[in-house]
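A.B. asks: This is the structure, below, for whatever I ask next.
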Amino acid sequence: MRLGDEQAAIFEVQAALIEDPEWRDPIFGQVARGVRPEVAVAESTDALAAEIRAIPDEYLQQRAIDILDLGQRVLRLLGPGEVASLADLLDGPDVIVAAHDLTPSETLALEPGVVKAIVTEGGGRTSHTAILARQLGIPAVVGIPGLLATVRNGLVVAVDGDEGYCDLEPTGDIARRFSAAAPARDRPLLHAPVRTSDGVEVHVLANAATPNDVRRAIDAGADGIGLYRTEFLFAGDELPDEKVQESIYCEAAAAASGRPITFRTLDVGGDKDAPLLELEQELNPFLGVRGVRFSLARPELFSSQLRALTRTAVRYPNVRVMVPMLTVLEELDLVRDLAPDATFPLGAMVEVPAAAILASELAKTADFLSVGTNDLTQYVLAVDRTNERLSSLYDELNPAVVRLLGSIAAAAAATGTEAGVCGELAGRPLAAPLLLGLGYRHLSVVPPQVQNVKRAITACTLASAEVLAGQALRATRTVHVAQLLQPT
Amino acid sequence: MTRATRVFIVQNPSGLHARPAARFVEQARRFESAVNVGRGETTANGKSLVSLLKLGISSGARLTLSAEGADAQAAVDALIGLLVELDAETETH
């Protein structure tokens with residue numbers, strides 16, 4: 001009763017606020033003067049909330065939250081979800097997309113040839129926008145405060161995705177530097193696995209989501225595909241049946257031209273929606289029915305994916321399959337039960353702390369382990385990686401994460417099981433010696449980083465990498481780990 | 001055009017909080033007349049929740065309720081009635 005009452009109170013207050021002249025009139029006024037509605041709503045809301053916070057009454061100060069909440073709800077309705085298609089907006093040869101944030105499907109709808117860069121006000125380095133943009137090879141800078149208040153149609157913007165640099169209306173040297181910037185550095189592409197200077201072989205694979213990605217990755221010199229995301233097949237307007245899935249998996253496997261390709265089974269839930277799969281609304285989706293939990297809850301859907309992969313593997317022996325978000329060993333048993341005819345190696349993703357802690361046992365059951373550092377980091381640190389206010393706390397170099405990465409690699413080595421890393425961390429060239437020193441020999445990275453990571457590996461020795469890893473394992477603060485990785 | 005004014009002293013120990021204020025605003029908006037709530041030197045728009053909240057109406061506050069327009073008297077009567085009713089309610093928060 002009490003909860004219902006309080007919620008009713010909140011909505012009574014918001015209902016009164018939405019027609020409040022003090023909130024509404026400045027918004028209408030600004031929009032009439034040509035200010036973008038999102039900006040007008042955000043500004044009017046912030047200004048009012050600030051005034052309310054200044055009231056010398058603690059209870060009334062709290063009402064600022066109601067105003068902010070209302071503003072956010074209106075902003076969501078004004079958000080890009082209401083735009084029919086981003087593709088419609090893209091006229092003209094060079095487009096930079098500026099947005100508060102882009103959903104994964106919006107990002108994937110962008111055509112890399114047309115969209116030169118993405119800049120967003122929200123999101124962190126590991127938001128899906130950033131990850132997918134990197135995947136597409138579109139430079140992206142995310143988390144720019146005040147972006148939408150400044151940017152407007154027709155503005156010339158300089159974006160350097162490598163450095164996280166963005167300049168609105170660049171002038172002088174900066175403008176010249178950006179117009180002249182050569183897209184590719186003319187160094188020979190390193191194909192085939194590389195070796196450290198003391199001779200240890202390391203495989204640098206790429207992450208992909210479509211057969212085209214696979215082709216691009218192999219062209220970019222990847223030693224295979226360490227993570228093929230299958231969920232994007234399910235995010236379109238139509239669910240793919242078994243035949244359609246099989247033909248796409250075969251196309252991807254063929255594009256890998258004999259190099260290993262690891263398909264990750266359907267990984268929806270969390271922040272990844274697939275409208276056609278009708279995911280349940282959950283209070284805390286990151287701790288909810290996502291990854292293999294969702295797949296096991298839909299055995300028919302999951303079996304059909306596993307059958308399509310089984311048939312693909314018969315034709316393409318380079319196919320491997322891994323399962324996301326494993327928490328308990330039984331989940332892997334259940335997957336095997338659903339794929340009785342499977343001939344492909346079946347791997348386990350280590351993303352949940354429970355799986356990381358039981359890595360020794362998991363390594364005995366699974367054919368290989370692949371550490372998803374993004375989710376592992378967010379679960380170990382209890383930080384939502386999409387929460388901008390916590391972005392300083394989210395760091396894959398946190399010593400707790402580093403130690404866990406070390407113990408997973410050691411557990412895998414003890415049973416002779418291959419362990420790889422397929423999160424963002426693997427794609428940071430400066431982190432390659434650390435991962436190498438911890439014991440990883442398979443790194444799966446975004447295609448544009450393949451060559452950079454390979455060069456970082458050829459530039460170091462295993463001996464020095466192991467010394468570095470030893471120091472990192474003894475570090476107690478993120479900043480110390482980060483300092484260890486800096487080039488000397 | 002008529003004008004009506006009445007004074008009301010808030011007795012509720014919690015003052016006039018967001019929810020009762022929202023109900024006040026909702027009621028005030030039903031009238032054509034402009035509704036103002038004065039406290040000391042400051043005057044708030046009675047049809048704006050934000051404006052009312054900014055008055056910071058605590059217990060003991062002396063409010064001057066005024067309305068101006070065709071239905072001014074009806075507005076003031078109804079709103080005073082509501083204030084009395086709201087003042088008697090116990091806030092739960």
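Chains: A, B, ... in order of the structure tokens. Residues: from 1 per chain. Ligands: from 1, in order shown.
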Please provide the set of residues having any atom within 7 Å of B:Arg62, restricted to only C-alpha atoms, with same-chain residues fewer than 3 positions apart removed, written as an MDAnalysis selection string.

C.D. replies: chainID B and resid 8:10 39

A.B. asks: Using only C-alpha atoms, select each residue of chain B with any atom at most 10 Å away from an atom of chain A, and give the selection as a CSV table (one decimal) with all heavy atoms, in the first residue's frame.

C.D. replies:
```
chain,number,residue,atom,x,y,z
B,14,SER,N,4.1,19.7,8.8
B,14,SER,CA,5.0,19.5,7.6
B,14,SER,C,4.9,20.6,6.6
B,14,SER,O,5.6,20.6,5.6
B,14,SER,CB,4.6,18.2,6.9
B,14,SER,OG,4.4,17.2,7.8
B,16,LEU,N,3.3,22.9,3.5
B,16,LEU,CA,2.6,22.4,2.3
B,16,LEU,C,3.6,21.8,1.4
B,16,LEU,O,4.5,22.4,0.8
B,16,LEU,CB,2.0,23.7,1.6
B,16,LEU,CG,1.1,23.3,0.4
B,16,LEU,CD1,-0.2,22.6,0.9
B,16,LEU,CD2,0.8,24.6,-0.3
B,17,HIS,N,3.6,20.5,1.4
B,17,HIS,CA,4.6,19.7,0.6
B,17,HIS,C,4.2,19.5,-0.8
B,17,HIS,O,3.1,19.9,-1.3
B,17,HIS,CB,4.9,18.4,1.3
B,17,HIS,CG,5.9,18.7,2.4
B,17,HIS,ND1,6.2,17.7,3.3
B,17,HIS,CD2,6.7,19.7,2.6
B,17,HIS,CE1,7.2,18.2,4.1
B,17,HIS,NE2,7.5,19.4,3.7
B,18,ALA,N,5.0,18.8,-1.5
B,18,ALA,CA,4.9,18.7,-3.0
B,18,ALA,C,3.5,18.1,-3.4
B,18,ALA,O,2.8,18.6,-4.3
B,18,ALA,CB,6.0,17.8,-3.5
B,19,ARG,N,3.1,17.0,-2.7
B,19,ARG,CA,1.9,16.3,-3.1
B,19,ARG,C,0.6,17.2,-2.9
B,19,ARG,O,-0.1,17.4,-3.8
B,19,ARG,CB,1.7,15.0,-2.5
B,19,ARG,CG,0.6,14.2,-3.0
B,19,ARG,CD,0.5,12.9,-2.4
B,19,ARG,NE,-0.4,12.0,-3.1
B,19,ARG,CZ,-0.8,10.8,-2.7
B,19,ARG,NH1,-0.2,10.3,-1.6
B,19,ARG,NH2,-1.6,10.1,-3.4
B,20,PRO,N,0.5,17.7,-1.6
B,20,PRO,CA,-0.7,18.6,-1.5
B,20,PRO,C,-0.6,19.9,-2.4
B,20,PRO,O,-1.6,20.3,-2.9
B,20,PRO,CB,-0.6,19.0,0.0
B,20,PRO,CG,0.6,18.4,0.6
B,20,PRO,CD,1.1,17.4,-0.4
B,21,ALA,N,0.6,20.4,-2.6
B,21,ALA,CA,0.8,21.5,-3.5
B,21,ALA,C,0.4,21.2,-4.9
B,21,ALA,O,-0.3,22.0,-5.6
B,21,ALA,CB,2.2,22.0,-3.5
B,22,ALA,N,0.7,19.9,-5.3
B,22,ALA,CA,0.3,19.5,-6.7
B,22,ALA,C,-1.2,19.5,-6.7
B,22,ALA,O,-1.8,19.8,-7.8
B,22,ALA,CB,0.9,18.1,-7.0
B,23,ARG,N,-1.9,19.0,-5.7
B,23,ARG,CA,-3.4,19.0,-5.7
B,23,ARG,C,-3.9,20.4,-5.7
B,23,ARG,O,-4.9,20.7,-6.4
B,23,ARG,CB,-3.9,18.2,-4.5
B,23,ARG,CG,-3.7,16.7,-4.7
B,23,ARG,CD,-4.0,15.9,-3.5
B,23,ARG,NE,-5.4,16.0,-3.2
B,23,ARG,CZ,-5.9,15.5,-2.1
B,23,ARG,NH1,-5.2,14.8,-1.2
B,23,ARG,NH2,-7.2,15.7,-1.8
B,24,PHE,N,-3.3,21.3,-5.0
B,24,PHE,CA,-3.7,22.7,-5.0
B,24,PHE,C,-3.6,23.3,-6.4
B,24,PHE,O,-4.5,23.9,-6.9
B,24,PHE,CB,-2.8,23.5,-4.0
B,24,PHE,CG,-3.2,25.0,-4.0
B,24,PHE,CD1,-4.0,25.5,-3.0
B,24,PHE,CD2,-2.6,25.9,-4.9
B,24,PHE,CE1,-4.4,26.8,-3.0
B,24,PHE,CE2,-3.0,27.2,-4.9
B,24,PHE,CZ,-3.8,27.7,-3.9
B,25,VAL,N,-2.5,23.0,-7.1
B,25,VAL,CA,-2.3,23.5,-8.4
B,25,VAL,C,-3.3,23.0,-9.4
B,25,VAL,O,-3.9,23.7,-10.2
B,25,VAL,CB,-0.8,23.2,-8.9
B,25,VAL,CG1,-0.7,23.4,-10.4
B,25,VAL,CG2,0.2,24.0,-8.1
B,26,GLU,N,-3.6,21.7,-9.2
B,26,GLU,CA,-4.5,21.0,-10.1
B,26,GLU,C,-5.9,21.7,-10.0
B,26,GLU,O,-6.6,22.0,-11.0
B,26,GLU,CB,-4.6,19.5,-9.7
B,26,GLU,CG,-5.5,18.7,-10.6
B,26,GLU,CD,-6.0,17.5,-9.9
B,26,GLU,OE1,-5.6,17.2,-8.8
B,26,GLU,OE2,-6.8,16.7,-10.6
B,29,ARG,N,-5.9,25.3,-11.5
B,29,ARG,CA,-5.9,25.4,-12.9
B,29,ARG,C,-7.4,25.2,-13.5
B,29,ARG,O,-7.6,25.4,-14.7
B,29,ARG,CB,-5.0,24.3,-13.5
B,29,ARG,CG,-3.6,24.6,-13.4
B,29,ARG,CD,-2.7,23.5,-14.0
B,29,ARG,NE,-1.3,23.7,-13.7
B,29,ARG,CZ,-0.4,22.8,-13.7
B,29,ARG,NH1,-0.7,21.5,-14.0
B,29,ARG,NH2,0.9,23.0,-13.4
B,45,ASN,N,2.8,32.0,-8.4
B,45,ASN,CA,1.7,31.7,-9.3
B,45,ASN,C,1.0,30.4,-8.8
B,45,ASN,O,1.7,29.4,-8.8
B,45,ASN,CB,2.3,31.5,-10.7
B,45,ASN,CG,1.2,31.1,-11.8
B,45,ASN,OD1,0.1,30.8,-11.4
B,45,ASN,ND2,1.6,31.0,-13.0
B,47,LYS,N,-0.9,28.5,-10.1
B,47,LYS,CA,-1.1,27.4,-11.1
B,47,LYS,C,0.2,26.8,-11.5
B,47,LYS,O,0.3,26.0,-12.4
B,47,LYS,CB,-1.8,28.0,-12.3
B,47,LYS,CG,-3.2,28.5,-12.1
B,47,LYS,CD,-3.9,29.0,-13.3
B,47,LYS,CE,-5.3,29.4,-12.9
B,47,LYS,NZ,-6.1,29.8,-14.1
B,48,SER,N,1.2,27.2,-10.7
B,48,SER,CA,2.6,26.6,-11.0
B,48,SER,C,3.1,25.9,-9.8
B,48,SER,O,3.3,26.5,-8.7
B,48,SER,CB,3.6,27.7,-11.5
B,48,SER,OG,4.9,27.2,-11.3
B,49,LEU,N,3.3,24.6,-9.9
B,49,LEU,CA,3.8,23.9,-8.7
B,49,LEU,C,5.2,24.3,-8.3
B,49,LEU,O,5.5,24.5,-7.1
B,49,LEU,CB,3.8,22.4,-9.1
B,49,LEU,CG,4.4,21.4,-8.0
B,49,LEU,CD1,3.6,21.5,-6.7
B,49,LEU,CD2,4.4,20.0,-8.5
B,50,VAL,N,6.0,24.6,-9.3
B,50,VAL,CA,7.3,25.0,-9.1
B,50,VAL,C,7.3,26.3,-8.3
B,50,VAL,O,8.0,26.5,-7.3
B,50,VAL,CB,8.1,25.2,-10.4
B,50,VAL,CG1,9.5,25.8,-10.2
B,50,VAL,CG2,8.2,23.8,-11.1
B,51,SER,N,6.5,27.2,-8.8
B,51,SER,CA,6.4,28.5,-8.2
B,51,SER,C,6.0,28.4,-6.7
B,51,SER,O,6.5,29.0,-5.8
B,51,SER,CB,5.4,29.3,-9.0
B,51,SER,OG,5.2,30.6,-8.5
B,53,LEU,N,6.3,25.7,-4.8
B,53,LEU,CA,7.4,25.1,-4.0
B,53,LEU,C,8.4,26.0,-3.6
B,53,LEU,O,9.0,26.0,-2.5
B,53,LEU,CB,8.0,23.9,-4.8
B,53,LEU,CG,7.1,22.7,-5.0
B,53,LEU,CD1,7.8,21.6,-5.8
B,53,LEU,CD2,6.6,22.1,-3.7
B,54,LYS,N,8.7,27.0,-4.5
B,54,LYS,CA,9.8,27.9,-4.3
B,54,LYS,C,9.4,28.9,-3.1
B,54,LYS,O,10.3,29.5,-2.5
B,54,LYS,CB,10.1,28.7,-5.5
B,54,LYS,CG,11.0,27.9,-6.5
B,54,LYS,CD,11.6,28.8,-7.6
B,54,LYS,CE,10.6,29.2,-8.6
B,54,LYS,NZ,11.2,29.8,-9.8
B,55,LEU,N,8.1,29.0,-2.8
B,55,LEU,CA,7.7,29.8,-1.6
B,55,LEU,C,8.2,29.2,-0.3
B,55,LEU,O,8.4,29.8,0.7
B,55,LEU,CB,6.2,29.9,-1.6
B,55,LEU,CG,5.5,31.0,-2.4
B,55,LEU,CD1,4.0,31.0,-2.0
B,55,LEU,CD2,6.1,32.4,-2.2
B,56,GLY,N,8.4,27.8,-0.4
B,56,GLY,CA,8.9,27.1,0.8
B,56,GLY,C,7.9,27.3,1.9
B,56,GLY,O,8.2,27.8,3.0
B,57,ILE,N,6.7,26.7,1.7
B,57,ILE,CA,5.6,27.0,2.7
B,57,ILE,C,5.8,26.0,3.8
B,57,ILE,O,5.5,24.8,3.8
B,57,ILE,CB,4.2,26.8,2.0
B,57,ILE,CG1,4.1,27.8,0.8
B,57,ILE,CG2,3.1,27.0,3.0
B,57,ILE,CD1,2.9,27.5,-0.1
B,58,SER,N,6.3,26.5,4.9
B,58,SER,CA,6.5,25.7,6.1
B,58,SER,C,5.3,25.9,7.1
B,58,SER,O,4.5,26.8,6.9
B,58,SER,CB,7.8,26.1,6.8
B,58,SER,OG,7.9,27.5,6.9
B,92,THR,N,2.5,11.6,4.8
B,92,THR,CA,3.3,10.3,4.9
B,92,THR,C,4.5,10.4,4.0
B,92,THR,O,4.3,10.4,2.8
B,92,THR,CB,2.5,9.1,4.6
B,92,THR,OG1,1.9,9.4,3.3
B,92,THR,CG2,1.4,8.8,5.6
B,93,HIS,N,5.6,10.5,4.6
B,93,HIS,CA,6.8,10.5,3.7
B,93,HIS,C,8.0,10.1,4.5
B,93,HIS,O,8.0,9.9,5.7
B,93,HIS,CB,7.1,11.8,3.0
B,93,HIS,CG,7.4,12.9,3.8
B,93,HIS,ND1,6.5,13.9,4.1
B,93,HIS,CD2,8.5,13.3,4.5
B,93,HIS,CE1,7.0,14.8,4.9
B,93,HIS,NE2,8.2,14.4,5.2
```

A.B. asks: When you look at A:Val141 with a cut-off of 9 Å (counting only C-alpha atoms), what residues show up, excluding the ones that are within fewer than 3 positions of it in the same chain? I need them as a list of chain:residue names.

C.D. replies: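 Within the cut-off, the hits are A:Ala117, A:Ile118, A:Val119, A:Thr120, A:Glu121, A:Arg125, A:Ala130, A:Ile144, A:Val159, A:Asp160, A:Gly161, A:Asp162, A:Glu163, A:Gly164, A:Tyr165, A:Cys166.
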
A.B. asks: Restricting it to N, CA, C and O atoms, dump the selection as a PDB file, in the first residue's frame.

C.D. replies:
```pdb
ATOM      1  N   ALA A 117      32.210  10.016 -38.569  1.00  0.00           N
ATOM      2  CA  ALA A 117      32.498   9.970 -37.129  1.00  0.00           C
ATOM      3  C   ALA A 117      31.204  10.056 -36.339  1.00  0.00           C
ATOM      4  O   ALA A 117      30.171  10.467 -36.864  1.00  0.00           O
ATOM      5  N   ILE A 118      31.303   9.624 -35.086  1.00  0.00           N
ATOM      6  CA  ILE A 118      30.168   9.717 -34.169  1.00  0.00           C
ATOM      7  C   ILE A 118      30.640  10.466 -32.933  1.00  0.00           C
ATOM      8  O   ILE A 118      31.724  10.172 -32.407  1.00  0.00           O
ATOM      9  N   VAL A 119      29.872  11.431 -32.492  1.00  0.00           N
ATOM     10  CA  VAL A 119      30.177  12.081 -31.219  1.00  0.00           C
ATOM     11  C   VAL A 119      28.924  12.039 -30.357  1.00  0.00           C
ATOM     12  O   VAL A 119      27.830  12.300 -30.836  1.00  0.00           O
ATOM     13  N   THR A 120      29.075  11.636 -29.098  1.00  0.00           N
ATOM     14  CA  THR A 120      27.899  11.582 -28.237  1.00  0.00           C
ATOM     15  C   THR A 120      28.182  12.255 -26.903  1.00  0.00           C
ATOM     16  O   THR A 120      29.325  12.323 -26.455  1.00  0.00           O
ATOM     17  N   GLU A 121      27.098  12.746 -26.327  1.00  0.00           N
ATOM     18  CA  GLU A 121      27.215  13.401 -25.025  1.00  0.00           C
ATOM     19  C   GLU A 121      27.291  12.335 -23.929  1.00  0.00           C
ATOM     20  O   GLU A 121      28.015  12.466 -22.961  1.00  0.00           O
ATOM     21  N   ARG A 125      33.717   4.855 -22.565  1.00  0.00           N
ATOM     22  CA  ARG A 125      34.545   4.206 -23.566  1.00  0.00           C
ATOM     23  C   ARG A 125      34.035   2.814 -23.910  1.00  0.00           C
ATOM     24  O   ARG A 125      34.297   2.287 -24.988  1.00  0.00           O
ATOM     25  N   ALA A 130      30.338   3.026 -28.435  1.00  0.00           N
ATOM     26  CA  ALA A 130      31.776   3.094 -28.649  1.00  0.00           C
ATOM     27  C   ALA A 130      32.297   1.778 -29.211  1.00  0.00           C
ATOM     28  O   ALA A 130      33.085   1.751 -30.160  1.00  0.00           O
ATOM     29  N   ILE A 144      30.961  13.504 -24.162  1.00  0.00           N
ATOM     30  CA  ILE A 144      31.373  14.907 -24.274  1.00  0.00           C
ATOM     31  C   ILE A 144      30.311  15.762 -23.594  1.00  0.00           C
ATOM     32  O   ILE A 144      29.210  15.922 -24.123  1.00  0.00           O
ATOM     33  N   VAL A 159      37.271  15.114 -35.522  1.00  0.00           N
ATOM     34  CA  VAL A 159      37.176  14.019 -34.550  1.00  0.00           C
ATOM     35  C   VAL A 159      38.375  13.092 -34.708  1.00  0.00           C
ATOM     36  O   VAL A 159      38.679  12.655 -35.810  1.00  0.00           O
ATOM     37  N   ASP A 160      39.060  12.824 -33.610  1.00  0.00           N
ATOM     38  CA  ASP A 160      40.129  11.844 -33.599  1.00  0.00           C
ATOM     39  C   ASP A 160      39.740  10.747 -32.620  1.00  0.00           C
ATOM     40  O   ASP A 160      39.837  10.922 -31.411  1.00  0.00           O
ATOM     41  N   GLY A 161      39.251   9.643 -33.175  1.00  0.00           N
ATOM     42  CA  GLY A 161      38.747   8.564 -32.337  1.00  0.00           C
ATOM     43  C   GLY A 161      39.843   7.876 -31.531  1.00  0.00           C
ATOM     44  O   GLY A 161      39.596   7.382 -30.437  1.00  0.00           O
ATOM     45  N   ASP A 162      41.073   7.848 -32.048  1.00  0.00           N
ATOM     46  CA  ASP A 162      42.171   7.194 -31.327  1.00  0.00           C
ATOM     47  C   ASP A 162      42.496   7.937 -30.046  1.00  0.00           C
ATOM     48  O   ASP A 162      42.778   7.341 -29.008  1.00  0.00           O
ATOM     49  N   GLU A 163      42.484   9.253 -30.133  1.00  0.00           N
ATOM     50  CA  GLU A 163      42.896  10.071 -28.996  1.00  0.00           C
ATOM     51  C   GLU A 163      41.713  10.539 -28.160  1.00  0.00           C
ATOM     52  O   GLU A 163      41.891  11.202 -27.139  1.00  0.00           O
ATOM     53  N   GLY A 164      40.471  10.242 -28.623  1.00  0.00           N
ATOM     54  CA  GLY A 164      39.300  10.725 -27.904  1.00  0.00           C
ATOM     55  C   GLY A 164      39.207  12.240 -27.953  1.00  0.00           C
ATOM     56  O   GLY A 164      38.849  12.910 -26.995  1.00  0.00           O
ATOM     57  N   TYR A 165      39.544  12.799 -29.135  1.00  0.00           N
ATOM     58  CA  TYR A 165      39.624  14.243 -29.261  1.00  0.00           C
ATOM     59  C   TYR A 165      38.552  14.723 -30.222  1.00  0.00           C
ATOM     60  O   TYR A 165      38.291  14.097 -31.251  1.00  0.00           O
ATOM     61  N   CYS A 166      37.896  15.821 -29.872  1.00  0.00           N
ATOM     62  CA  CYS A 166      36.835  16.350 -30.710  1.00  0.00           C
ATOM     63  C   CYS A 166      36.892  17.864 -30.637  1.00  0.00           C
ATOM     64  O   CYS A 166      36.979  18.445 -29.556  1.00  0.00           O
TER      65      CYS A 166
END
```

A.B. asks: Write out as a list in words which residues come within 10 Å of B:Arg6 when counting only C-alpha atoms, dropping same-chain ones fewer than 4 positions away.

C.D. replies: Val37, Leu63, Thr64, Leu65, Ser66, Ala67, Gln73, Val76, Asp77, Leu79 and Ile80 of chain B

A.B. asks: Output all heavy atoms of each residue in that selection to a file, as a PDB file, in the first residue's frame.

C.D. replies:
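Here's the written file selection.pdb:
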```pdb
ATOM      1  N   VAL B  37      -0.514  33.247  -4.789  1.00  0.00           N
ATOM      2  CA  VAL B  37      -0.339  32.921  -3.379  1.00  0.00           C
ATOM      3  C   VAL B  37       0.821  33.770  -2.869  1.00  0.00           C
ATOM      4  O   VAL B  37       1.952  33.629  -3.358  1.00  0.00           O
ATOM      5  CB  VAL B  37      -0.026  31.418  -3.185  1.00  0.00           C
ATOM      6  CG1 VAL B  37       0.163  31.107  -1.700  1.00  0.00           C
ATOM      7  CG2 VAL B  37      -1.131  30.565  -3.769  1.00  0.00           C
ATOM      8  N   LEU B  63      -0.310  32.798   4.436  1.00  0.00           N
ATOM      9  CA  LEU B  63      -0.469  32.900   2.983  1.00  0.00           C
ATOM     10  C   LEU B  63      -1.607  33.850   2.640  1.00  0.00           C
ATOM     11  O   LEU B  63      -2.660  33.829   3.281  1.00  0.00           O
ATOM     12  CB  LEU B  63      -0.784  31.527   2.385  1.00  0.00           C
ATOM     13  CG  LEU B  63       0.195  30.395   2.708  1.00  0.00           C
ATOM     14  CD1 LEU B  63      -0.271  29.092   2.050  1.00  0.00           C
ATOM     15  CD2 LEU B  63       1.597  30.759   2.237  1.00  0.00           C
ATOM     16  N   THR B  64      -1.389  34.668   1.624  1.00  0.00           N
ATOM     17  CA  THR B  64      -2.465  35.501   1.101  1.00  0.00           C
ATOM     18  C   THR B  64      -2.868  34.915  -0.240  1.00  0.00           C
ATOM     19  O   THR B  64      -2.100  34.918  -1.200  1.00  0.00           O
ATOM     20  CB  THR B  64      -1.994  36.946   0.899  1.00  0.00           C
ATOM     21  OG1 THR B  64      -1.333  37.370   2.080  1.00  0.00           O
ATOM     22  CG2 THR B  64      -3.165  37.852   0.587  1.00  0.00           C
ATOM     23  N   LEU B  65      -4.076  34.368  -0.274  1.00  0.00           N
ATOM     24  CA  LEU B  65      -4.561  33.724  -1.489  1.00  0.00           C
ATOM     25  C   LEU B  65      -5.403  34.744  -2.234  1.00  0.00           C
ATOM     26  O   LEU B  65      -6.357  35.305  -1.668  1.00  0.00           O
ATOM     27  CB  LEU B  65      -5.403  32.521  -1.082  1.00  0.00           C
ATOM     28  CG  LEU B  65      -5.996  31.677  -2.190  1.00  0.00           C
ATOM     29  CD1 LEU B  65      -4.898  31.020  -2.989  1.00  0.00           C
ATOM     30  CD2 LEU B  65      -6.913  30.629  -1.582  1.00  0.00           C
ATOM     31  N   SER B  66      -5.066  35.038  -3.479  1.00  0.00           N
ATOM     32  CA  SER B  66      -5.887  35.991  -4.224  1.00  0.00           C
ATOM     33  C   SER B  66      -6.143  35.473  -5.624  1.00  0.00           C
ATOM     34  O   SER B  66      -5.336  34.727  -6.185  1.00  0.00           O
ATOM     35  CB  SER B  66      -5.197  37.358  -4.269  1.00  0.00           C
ATOM     36  OG  SER B  66      -3.990  37.249  -4.984  1.00  0.00           O
ATOM     37  N   ALA B  67      -7.304  35.851  -6.153  1.00  0.00           N
ATOM     38  CA  ALA B  67      -7.665  35.445  -7.505  1.00  0.00           C
ATOM     39  C   ALA B  67      -8.214  36.648  -8.232  1.00  0.00           C
ATOM     40  O   ALA B  67      -8.812  37.544  -7.612  1.00  0.00           O
ATOM     41  CB  ALA B  67      -8.696  34.318  -7.468  1.00  0.00           C
ATOM     42  N   GLN B  73     -14.083  34.727  -7.047  1.00  0.00           N
ATOM     43  CA  GLN B  73     -14.629  34.386  -5.730  1.00  0.00           C
ATOM     44  C   GLN B  73     -14.751  32.875  -5.576  1.00  0.00           C
ATOM     45  O   GLN B  73     -14.355  32.305  -4.552  1.00  0.00           O
ATOM     46  CB  GLN B  73     -15.999  35.065  -5.526  1.00  0.00           C
ATOM     47  CG  GLN B  73     -16.489  35.030  -4.078  1.00  0.00           C
ATOM     48  CD  GLN B  73     -15.503  35.698  -3.106  1.00  0.00           C
ATOM     49  OE1 GLN B  73     -15.086  36.855  -3.312  1.00  0.00           O
ATOM     50  NE2 GLN B  73     -15.090  34.981  -2.067  1.00  0.00           N
ATOM     51  N   VAL B  76     -11.260  31.318  -5.015  1.00  0.00           N
ATOM     52  CA  VAL B  76     -10.720  31.497  -3.667  1.00  0.00           C
ATOM     53  C   VAL B  76     -11.463  30.619  -2.674  1.00  0.00           C
ATOM     54  O   VAL B  76     -10.850  29.948  -1.839  1.00  0.00           O
ATOM     55  CB  VAL B  76     -10.757  32.987  -3.266  1.00  0.00           C
ATOM     56  CG1 VAL B  76     -10.502  33.146  -1.771  1.00  0.00           C
ATOM     57  CG2 VAL B  76      -9.719  33.767  -4.064  1.00  0.00           C
ATOM     58  N   ASP B  77     -12.760  30.564  -2.778  1.00  0.00           N
ATOM     59  CA  ASP B  77     -13.534  29.731  -1.853  1.00  0.00           C
ATOM     60  C   ASP B  77     -13.120  28.264  -1.965  1.00  0.00           C
ATOM     61  O   ASP B  77     -12.883  27.597  -0.958  1.00  0.00           O
ATOM     62  CB  ASP B  77     -15.041  29.868  -2.142  1.00  0.00           C
ATOM     63  CG  ASP B  77     -15.564  31.244  -1.734  1.00  0.00           C
ATOM     64  OD1 ASP B  77     -14.831  31.952  -0.990  1.00  0.00           O
ATOM     65  OD2 ASP B  77     -16.670  31.620  -2.173  1.00  0.00           O
ATOM     66  N   LEU B  79     -10.368  26.988  -3.200  1.00  0.00           N
ATOM     67  CA  LEU B  79      -8.968  26.730  -2.849  1.00  0.00           C
ATOM     68  C   LEU B  79      -8.753  26.829  -1.338  1.00  0.00           C
ATOM     69  O   LEU B  79      -7.970  26.056  -0.775  1.00  0.00           O
ATOM     70  CB  LEU B  79      -8.040  27.680  -3.614  1.00  0.00           C
ATOM     71  CG  LEU B  79      -7.980  27.376  -5.123  1.00  0.00           C
ATOM     72  CD1 LEU B  79      -7.263  28.488  -5.877  1.00  0.00           C
ATOM     73  CD2 LEU B  79      -7.294  26.036  -5.381  1.00  0.00           C
ATOM     74  N   ILE B  80      -9.453  27.738  -0.680  1.00  0.00           N
ATOM     75  CA  ILE B  80      -9.343  27.799   0.777  1.00  0.00           C
ATOM     76  C   ILE B  80      -9.891  26.503   1.376  1.00  0.00           C
ATOM     77  O   ILE B  80      -9.297  25.896   2.271  1.00  0.00           O
ATOM     78  CB  ILE B  80     -10.100  29.023   1.358  1.00  0.00           C
ATOM     79  CG1 ILE B  80      -9.337  30.315   1.035  1.00  0.00           C
ATOM     80  CG2 ILE B  80     -10.314  28.881   2.866  1.00  0.00           C
ATOM     81  CD1 ILE B  80      -8.053  30.514   1.822  1.00  0.00           C
TER      82      ILE B  80
END
```

A.B. asks: Distance atom CA of A:Ala419-atom CA of A:Ala359, one decimal place?

C.D. replies: 10.2 Å

A.B. asks: Using only C-alpha atoms, which residue out of B:Gly46, B:Gln27, B:Gly38, B:Asp71 lies closest to B:Ala4?

C.D. replies: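 Using only C-alpha atoms, B:Ala4 sits closest to B:Asp71.
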
A.B. asks: Got a sec: who's within 10 Å of A:Gly146, counting only C-alpha atoms, leaving out chain neighbours fewer than 2 positions off, as a ChimeraX atom specification?

C.D. replies: /A:39,100,120-122,143-144,148-151
